[in-house]
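Novice: Please read through the structure below; I'll follow up with questions.
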Amino acid sequence: GAGVSQSPRYKVAKRGQDVALRCDPISGHVSLFWYQQALGQGPEFLTYFQNEAQLDKSGLPSDRFFAERPEGSVSTLKIQRTQQEDSAVYLCASSLMGTGDKGQPQHFGDGTRLSIL
Amino acid sequence: AQSVTQPDIHITVSEGASLELRCNYSYGATPYLFWYVQSPGQGLQLLLKYFSGDTLVQGIKGFEAEFKRSQSSFNLRKPSVHWSDAAEYFCAVVNTGNQFYFGTGTSLTVIP
């Protein structure tokens, strides 16, 4: 497609449930990023992939968060045993090149708004 | 460590008036700086970026930003604001690993 696509747009889950958020980056983009955006805040980095390799997961808040990109295109962010503090918008972004090209613009999806009850 | 500060949480301007949104960064080397805009329920759209060279950069939608190393600033400006400019604006600095650090954003309200 023309842009980064994320699904679902909205997700409501009960505390303790597992959720999976999907990101379909722009075709051909090497880099893929996940961000968490709390209400009234800027996006905060969670994790980064270059093709299928997860090169940085330093921003994942706990071991309940897991991300994968097995074929170097679509990525899934999974949150296990969700907690209320996980409620946020989860943004996915992709960029054309890898980390050797510092400053490549990131193209963002519209995000998934996750609400944990 | 790299970081971005946007001192103004919320700004209100009249349509047709000029606009300046402030951004201060902290970064040890030459910074790569970006401004993004986010409309409600939407992702972030790139307005402009600075890597090197001319310190005044032009972006989309009539926006420009000026990099001032001495002040560690990268303020966003627009000479005449339109009602459609109402949105959240984020400044970001990127590190060597291409990891973006965003400010907390400035919410812009435009009054007729």
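So you can find residues: chains in the structure tokens are A, B, ... in the order shown, residues in each start at 1, and ligands are numbered from 1 in order.
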What are the residues of chain A lining chain B at 12 Å or less? Count only C-alpha atoms, and put the answer as a PyMOL selection string.
Specialist: chain A and resi 3-6+9-10+31-50+55-59+89-113
Novice: Give the strand (DSSP E) residues of range 17-114 of chain A, as assigned by DSSP on the backbone, as a PyMOL selection string.
Specialist: chain A and resi 19-24+31-37+44-50+53-56+65-68+75-79+88-95+107-108+112-114
Novice: So how far away is CA of Gly72 in chain A from CA of Val37 in chain B, in Å?
Specialist: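 Separating CA of Val37 in chain B from CA of Gly72 in chain A is a distance of 27.9 Å.
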Novice: Using only C-alpha atoms, can you tell me which of A:Leu117, A:Thr76, A:Ser62, A:Arg81 comes closest to Gln17 in chain A?
Specialist: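 So, comparing all the options, the nearest one is A:Arg81.
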Novice: I'd like the neighbourhood of Thr5 in chain B as a list of chain:residue names, where a residue qualifies if any of its atoms comes within 7 Å (using only C-alpha atoms), though same-chain residues fewer than 5 positions away should be ignored.
Specialist: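 Here the qualifying residues turn out to be B:Cys23, B:Asn24, B:Tyr25, B:Gly103.
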Novice: Please produce an output containing N, CA and C atoms for each residue in the selection, written as an mmCIF file, in the first residue's frame.
Specialist:
```cif
data_model
loop_
_atom_site.group_PDB
_atom_site.id
_atom_site.type_symbol
_atom_site.label_atom_id
_atom_site.label_comp_id
_atom_site.auth_asym_id
_atom_site.auth_seq_id
_atom_site.Cartn_x
_atom_site.Cartn_y
_atom_site.Cartn_z
ATOM 1 N N CYS B 23 11.465 24.595 20.221
ATOM 2 C CA CYS B 23 12.050 23.275 20.421
ATOM 3 C C CYS B 23 13.501 23.469 20.830
ATOM 4 N N ASN B 24 13.883 22.864 21.941
ATOM 5 C CA ASN B 24 15.274 22.852 22.365
ATOM 6 C C ASN B 24 15.738 21.412 22.464
ATOM 7 N N TYR B 25 16.940 21.159 22.011
ATOM 8 C CA TYR B 25 17.432 19.789 21.974
ATOM 9 C C TYR B 25 18.710 19.675 22.797
ATOM 10 N N GLY B 103 9.826 15.223 21.605
ATOM 11 C CA GLY B 103 9.372 16.057 22.694
ATOM 12 C C GLY B 103 7.960 15.675 23.084
#
```
Novice: Write out as a VMD selection string the residues lying within 7 Å of Ala86 in chain B, counting only C-alpha atoms and excluding same-chain residues fewer than 5 positions away.
Specialist: chain B and resid 108 to 110
Novice: In Å, rounded to a single decimal, give me how far CA of Glu15 in chain B is from CA of Pro79 in chain B.
Specialist: 10.6 Å
